Each structure stands twice: as structure tokens, then as C-alpha cells.
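K.L.:
What follows is data-v2.cif, made up of mmCIF, C-alpha atoms:
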```
data_target
loop_
_atom_site.label_atom_id
_atom_site.label_comp_id
_atom_site.auth_asym_id
_atom_site.auth_seq_id
_atom_site.Cartn_x
_atom_site.Cartn_y
_atom_site.Cartn_z
CA MET L 1 -16.57 86.37 -84.39
CA PRO L 2 -15.38 86.87 -88.00
CA VAL L 3 -17.86 88.52 -90.39
CA LEU L 4 -16.83 86.02 -93.07
CA GLU L 5 -16.22 82.37 -92.28
CA THR L 6 -13.84 80.58 -94.64
CA THR L 7 -13.47 76.82 -94.89
CA LEU L 8 -11.43 74.90 -97.44
CA GLU L 9 -12.61 71.34 -98.02
CA GLY L 10 -10.63 69.68 -100.75
CA ARG L 11 -10.49 72.29 -103.49
CA VAL L 12 -13.81 73.97 -102.57
CA LEU L 13 -13.50 77.22 -100.65
CA HIS L 14 -16.67 77.89 -98.68
CA LEU L 15 -17.26 81.56 -97.87
CA ALA L 16 -20.13 82.07 -95.41
CA LEU L 17 -21.42 85.57 -94.70
CA ASN L 18 -21.48 85.67 -90.90
CA ARG L 19 -23.57 88.55 -89.59
CA PRO L 20 -26.73 86.57 -88.85
CA GLU L 21 -27.94 89.12 -86.29
CA LYS L 22 -28.03 91.69 -89.16
CA ARG L 23 -29.31 89.21 -91.78
CA ASN L 24 -25.80 89.25 -93.27
CA ALA L 25 -26.14 92.88 -94.36
CA LEU L 26 -23.10 94.10 -96.28
CA ASN L 27 -21.32 96.53 -94.02
CA GLU L 28 -17.87 97.89 -94.86
CA GLU L 29 -16.03 95.16 -92.94
CA LEU L 30 -17.94 92.27 -94.55
CA SER L 31 -17.74 93.81 -98.03
CA ARG L 32 -13.96 94.20 -97.76
CA ALA L 33 -13.52 90.69 -96.33
CA LEU L 34 -15.65 89.11 -99.07
CA LEU L 35 -13.90 91.01 -101.85
CA HIS L 36 -10.47 90.08 -100.47
CA ALA L 37 -11.44 86.40 -100.06
CA LEU L 38 -12.80 86.18 -103.62
CA GLU L 39 -9.75 87.86 -105.16
CA SER L 40 -7.35 85.73 -103.09
CA ALA L 41 -9.17 82.51 -103.99
CA ASP L 42 -8.82 83.31 -107.67
CA THR L 43 -5.02 83.30 -107.43
CA ASP L 44 -4.80 80.31 -105.06
CA PRO L 45 -3.93 77.11 -106.98
CA GLY L 46 -5.41 75.05 -104.12
CA VAL L 47 -8.89 76.47 -104.77
CA GLY L 48 -10.89 75.05 -107.67
CA ALA L 49 -14.34 76.48 -106.90
CA ILE L 50 -15.94 78.89 -104.46
CA LEU L 51 -19.14 78.21 -102.56
CA LEU L 52 -20.87 81.31 -101.21
CA SER L 53 -23.58 81.12 -98.53
CA GLY L 54 -25.00 83.04 -95.59
CA ASN L 55 -25.24 81.96 -91.95
CA GLY L 56 -28.53 82.32 -90.11
CA GLY L 57 -31.98 82.81 -91.60
CA ALA L 58 -31.01 84.97 -94.59
CA PHE L 59 -28.45 84.81 -97.37
CA CYS L 60 -27.99 88.59 -97.43
CA ALA L 61 -30.29 91.54 -96.74
CA GLY L 62 -28.28 93.91 -98.92
CA MET L 63 -26.42 96.97 -97.74
CA ASP L 64 -26.17 97.76 -94.03
CA LEU L 65 -28.50 100.76 -93.86
CA ARG L 66 -26.89 102.15 -90.69
CA GLU L 67 -23.67 102.65 -92.62
CA ALA L 68 -25.47 103.81 -95.75
CA THR L 69 -26.79 106.85 -93.89
CA ASP L 70 -23.32 107.93 -92.71
CA PRO L 71 -21.90 110.18 -95.47
CA GLY L 72 -18.28 109.27 -94.72
CA ILE L 73 -18.87 105.53 -94.78
CA ALA L 74 -21.23 105.76 -97.77
CA ALA L 75 -18.52 107.56 -99.77
CA ARG L 76 -16.04 104.74 -99.07
CA MET L 77 -18.65 102.07 -99.78
CA ALA L 78 -19.53 103.24 -103.31
CA PRO L 79 -16.25 102.17 -104.97
CA LEU L 80 -16.06 99.12 -102.71
CA HIS L 81 -19.52 97.94 -103.80
CA GLU L 82 -18.60 98.61 -107.42
CA ARG L 83 -15.71 96.18 -107.08
CA LEU L 84 -17.67 93.67 -104.99
CA PHE L 85 -20.62 93.44 -107.38
CA THR L 86 -18.34 92.97 -110.41
CA VAL L 87 -15.51 90.83 -109.03
CA ILE L 88 -17.16 87.47 -109.73
CA GLY L 89 -17.29 88.26 -113.44
CA ARG L 90 -13.51 88.67 -113.40
CA LEU L 91 -12.76 85.43 -111.55
CA ARG L 92 -11.38 82.42 -113.40
CA LYS L 93 -12.87 80.04 -110.83
CA PRO L 94 -16.55 79.13 -110.68
CA VAL L 95 -18.65 80.64 -107.89
CA VAL L 96 -21.71 78.74 -106.66
CA ALA L 97 -24.14 80.78 -104.56
CA ALA L 98 -26.25 78.72 -102.16
CA ILE L 99 -29.28 80.86 -101.39
CA HIS L 100 -31.69 80.36 -98.52
CA GLY L 101 -34.12 82.89 -97.13
CA PRO L 102 -33.96 86.48 -98.32
CA ALA L 103 -31.33 87.57 -100.85
CA ILE L 104 -32.64 91.07 -101.37
CA ALA L 105 -31.21 94.32 -102.69
CA GLY L 106 -27.40 93.91 -102.61
CA GLY L 107 -27.93 90.26 -101.68
CA THR L 108 -29.65 89.78 -105.01
CA GLY L 109 -26.70 91.57 -106.64
CA VAL L 110 -24.17 89.20 -105.08
CA ALA L 111 -26.28 86.13 -105.95
CA ALA L 112 -27.01 87.27 -109.51
CA ASN L 113 -23.32 87.62 -110.27
CA ALA L 114 -22.47 84.07 -109.21
CA HIS L 115 -21.83 81.66 -112.05
CA ILE L 116 -24.33 79.19 -110.64
CA VAL L 117 -27.13 79.79 -108.14
CA VAL L 118 -28.76 77.01 -106.16
CA ALA L 119 -31.77 78.12 -104.13
CA ALA L 120 -33.57 76.58 -101.19
CA GLU L 121 -37.35 76.45 -101.24
CA ASP L 122 -37.51 79.53 -99.00
CA ALA L 123 -35.18 81.67 -101.14
CA GLN L 124 -36.43 85.15 -102.03
CA PHE L 125 -34.89 87.60 -104.48
CA GLY L 126 -35.72 91.24 -105.04
CA LEU L 127 -34.31 94.65 -105.86
CA THR L 128 -36.32 96.16 -103.03
CA GLU L 129 -34.03 99.08 -102.18
CA ILE L 130 -36.23 101.23 -104.39
CA ARG L 131 -38.85 101.08 -101.58
CA ILE L 132 -36.65 103.32 -99.44
CA GLY L 133 -35.54 105.67 -102.18
CA LEU L 134 -32.32 103.94 -103.20
CA TRP L 135 -31.80 103.05 -106.84
CA PRO L 136 -30.58 99.50 -107.48
CA VAL L 137 -27.23 99.19 -109.22
CA LEU L 138 -28.71 97.48 -112.26
CA LYS L 139 -25.60 97.64 -114.41
CA ASP L 140 -24.02 95.07 -112.10
CA ILE L 141 -26.95 92.64 -112.40
CA PRO L 142 -26.65 90.27 -115.39
CA ASP L 143 -29.16 90.95 -118.17
CA HIS L 144 -30.96 87.60 -117.89
CA PHE L 145 -31.75 88.25 -114.24
CA ARG L 146 -32.53 91.94 -114.59
CA THR L 147 -35.00 91.17 -117.36
CA SER L 148 -36.78 88.55 -115.28
CA ILE L 149 -37.50 90.72 -112.24
CA GLY L 150 -37.25 94.29 -113.50
CA LEU L 151 -37.95 97.05 -111.02
CA ASN L 152 -40.67 95.27 -109.14
CA LEU L 153 -41.24 96.17 -105.50
CA GLU L 154 -42.08 92.60 -104.62
CA ASN L 155 -39.72 89.78 -103.74
CA PHE L 156 -39.56 86.81 -106.04
CA ILE L 157 -39.48 83.30 -104.73
CA SER L 158 -37.08 80.91 -106.37
CA HIS L 159 -39.60 78.95 -108.46
CA GLN L 160 -40.78 82.16 -110.17
CA ILE L 161 -37.40 82.75 -111.77
CA LEU L 162 -36.17 79.16 -111.98
CA PRO L 163 -36.05 78.90 -115.78
CA ILE L 164 -33.96 82.04 -116.11
CA PHE L 165 -31.65 82.23 -113.14
CA VAL L 166 -31.69 79.45 -110.59
CA LEU L 167 -30.05 76.11 -111.31
CA GLY L 168 -32.34 74.23 -108.96
CA ILE L 169 -34.54 74.36 -105.92
CA LEU L 170 -33.25 72.22 -103.11
CA GLY L 171 -35.19 70.07 -100.74
CA LYS L 172 -34.33 69.03 -97.20
CA ASN L 173 -30.74 67.84 -97.89
CA GLN L 174 -29.61 71.12 -99.41
CA ASP L 175 -26.24 71.42 -97.63
CA THR L 176 -25.15 67.96 -98.77
CA THR L 177 -26.34 68.56 -102.32
CA ILE L 178 -24.50 71.88 -102.68
CA TRP L 179 -21.24 70.42 -101.35
CA GLN L 180 -21.51 67.45 -103.70
CA PHE L 181 -22.19 69.75 -106.65
CA SER L 182 -19.28 72.06 -105.75
CA LYS L 183 -16.88 69.11 -105.44
CA ILE L 184 -17.92 67.75 -108.84
CA MET L 185 -17.10 71.11 -110.41
CA VAL L 186 -13.45 70.97 -109.33
CA ASN L 187 -12.81 67.34 -110.24
#
```
Starting from the file, give its structure as C-alpha cells.

P.N.:
Amino acid sequence: MPVLETTLEGRVLHLALNRPEKRNALNEELSRALLHALESADTDPGVGAILLSGNGGAFCAGMDLREATDPGIAARMAPLHERLFTVIGRLRKPVVAAIHGPAIAGGTGVAANAHIVVAAEDAQFGLTEIRIGLWPVLKDIPDHFRTSIGLNLENFISHQILPIFVLGILGKNQDTTIWQFSKIMVN
């Protein structure tokens, strides 16, 4: 099973984080696959917009903590995460993040760097890595988002940050709405 599912529908490339058993935690394999897919999409003339989502009950639970405690892997992950959390700002194509469930720690970082964020009613955001002694990489979080949540230990639900960060809160037809929105962007 691939850690990143890719589907091209028209000119919209849908990238779905696919580690649902780990709440789509960013391990080395998924981080590399996501970075490669984003960079490749930017140079592909057949791609007009990128839709980013997560399979299962969470968008992304941040860094895979099993790998974070391995010094060898952690050393390789630092520059990889630096590139991953800044790549969207370098892309010429719009990235829409469709958030459902938790998008915490690094998941918040990925979401916050998208050009547009659309959140389901159950979406949660938070820089919660500070709870376990890890410092969030705040320089990679856009100012408007960083200012809205600060270094709070609590998660934020989408309606608490709606005016600052989230384009909209979706109801029951969220998948259809996000696809329609993404297609409009490329036409």
C-alpha cells in the first residue's frame, strides 16, 4: 500500500496521505513521497492545482515519533522537514488542503502552508508537540496562523480560527465541495 495516493482528475492532482493506521504521521517515506509529488506537480503542465488530504480519521498527526527518537533517522529528517514545510511557498500552482479530524503538530505545519485551507466540522489544529518537549518549527508557519494560535497547548477547532486561516467549514458533502472548488481554480 503506497504511503501517498496520487490521483489526477482533469488538471487537479489529489495527494492523499495514506498511513491511516498511524493517523498519517509523517515518517521519512511519506515525507519524501509528499515532497517529491509536490515538486513534480509544480513542473507538470498537466497539473493546474493540487488537492492535499489525509485518508482515515485524521489529516495528519505530525511527525512519526518512533522515527523521531532514532538519532540516525532524526538527523536525516531535519533537512527533509525543512524542505517539506517550505515547499508549498515555492510552488507556482495553488495547493488546497482539505482538513478533517486532527491536523496537529507537523500536520498543522503542512496545512498552514497551503494556499487555501478548507476544514471539515471535526478539524482540529494545534502545535501540540511542545507537550512532549519538542519545539514547533514556527518559522515555517505563516504569520497569520502563528499569531492566531500561538504556543497554546490546546487544539483549536476550525471555527475558532475561521476568520484568520480557514476558507470555510464544510458540511456533509465535503468531498464533493472540495473537488468542485479545486476544479474551478484550474479553469

K.L.:
With only C-alpha atoms as the atoms that count, which of L:Ala105, L:Pro94, L:Ile99, L:Val87 lies nearest to Ala16 of chain L?

P.N.:
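The answer is L:Ile99, which sits nearest to Ala16 of chain L.
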
K.L.:
Pull out every residue that the PyMOL selection byres ((chain L and resi 13) around 8) matches in the shown coordinates and put them as a PyMOL selection string.

P.N.:
chain L and resi 6-9+11-12+14-15+41+47-51

K.L.:
What are the centre and the three edge lengths of an axis-aligned box that wraps all atoms of segment 78-94 of chain L in the file, given that 3 Å is added to every side, written as lines of an AutoDock Vina configuration file and rounded to one decimal in Å?

P.N.:
```
center_x = -16.0
center_y = 91.2
center_z = -108.1
size_x = 15.2
size_y = 30.1
size_z = 16.7
```

K.L.:
Just checking: using all atoms listed in the file, which residue out of L:Leu52, L:Ala68, L:Glu82, L:Ala75 ends up closest to Ala119 of chain L?

P.N.:
L:Leu52

K.L.:
Between L:Leu38, L:Ala61, L:Leu84, L:Ala33, which is the closest to Gly106 of chain L once you count all atoms listed in the file?

P.N.:
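Going through L:Leu38, L:Ala61, L:Leu84, L:Ala33 one by one, the smallest distance to Gly106 of chain L is for L:Ala61.
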
K.L.:
What separation in Å, quoted to one decimal, exists between atom CA of Pro20 of chain L and atom CA of Arg32 of chain L?

P.N.:
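Atom CA of Arg32 of chain L lies 17.3 Å from atom CA of Pro20 of chain L.
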
K.L.:
Please check which residues have atoms at most 12 Å from (-15.5, 88.8, -114.1) in the file's coordinates, counting all atoms listed in the file, and write them as a PDB file with C-alpha atoms, keeping the file's coordinate frame.

P.N.:
```
ATOM      1  CA  LEU L  38     -12.800  86.180-103.620  1.00  0.00           C
ATOM      2  CA  GLU L  39      -9.750  87.860-105.160  1.00  0.00           C
ATOM      3  CA  ASP L  42      -8.820  83.310-107.670  1.00  0.00           C
ATOM      4  CA  ARG L  83     -15.710  96.180-107.080  1.00  0.00           C
ATOM      5  CA  LEU L  84     -17.670  93.670-104.990  1.00  0.00           C
ATOM      6  CA  PHE L  85     -20.620  93.440-107.380  1.00  0.00           C
ATOM      7  CA  THR L  86     -18.340  92.970-110.410  1.00  0.00           C
ATOM      8  CA  VAL L  87     -15.510  90.830-109.030  1.00  0.00           C
ATOM      9  CA  ILE L  88     -17.160  87.470-109.730  1.00  0.00           C
ATOM     10  CA  GLY L  89     -17.290  88.260-113.440  1.00  0.00           C
ATOM     11  CA  ARG L  90     -13.510  88.670-113.400  1.00  0.00           C
ATOM     12  CA  LEU L  91     -12.760  85.430-111.550  1.00  0.00           C
ATOM     13  CA  ARG L  92     -11.380  82.420-113.400  1.00  0.00           C
ATOM     14  CA  LYS L  93     -12.870  80.040-110.830  1.00  0.00           C
ATOM     15  CA  PRO L  94     -16.550  79.130-110.680  1.00  0.00           C
ATOM     16  CA  VAL L  95     -18.650  80.640-107.890  1.00  0.00           C
ATOM     17  CA  ASN L 113     -23.320  87.620-110.270  1.00  0.00           C
ATOM     18  CA  ALA L 114     -22.470  84.070-109.210  1.00  0.00           C
ATOM     19  CA  HIS L 115     -21.830  81.660-112.050  1.00  0.00           C
ATOM     20  CA  ASP L 140     -24.020  95.070-112.100  1.00  0.00           C
ATOM     21  CA  PRO L 142     -26.650  90.270-115.390  1.00  0.00           C
TER      22      PRO L 142
END
```

K.L.:
Suppose you want the space between atom CA of Glu21 of chain L and atom CA of Ser53 of chain L; what is it in Å?

P.N.:
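So the two atoms, atom CA of Glu21 of chain L and atom CA of Ser53 of chain L, lie 15.3 Å apart.
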
K.L.:
Please indicate the distance in Å from atom CA of Leu4 of chain L to atom CA of Leu17 of chain L, rounded to one decimal place.

P.N.:
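Going from atom CA of Leu4 of chain L over to atom CA of Leu17 of chain L covers 4.9 Å.
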
K.L.:
So, counting only C-alpha atoms, which residue among L:Gly62, L:Pro2, L:Gly72, L:Gly54 is closest to Gly107 of chain L?

P.N.:
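Under the stated criterion, the closest residue is L:Gly62.
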
K.L.:
Give me, as a list in words, all polymer residues having an atom no more than 9 Å from Glu28 of chain L, counting all atoms listed in the file and skipping those fewer than 5 positions away in the same chain.

P.N.:
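Non-adjacent residues within range: Ala33, Asp64, Glu67, Ile73, Arg76, Met77 and Leu80 of chain L.
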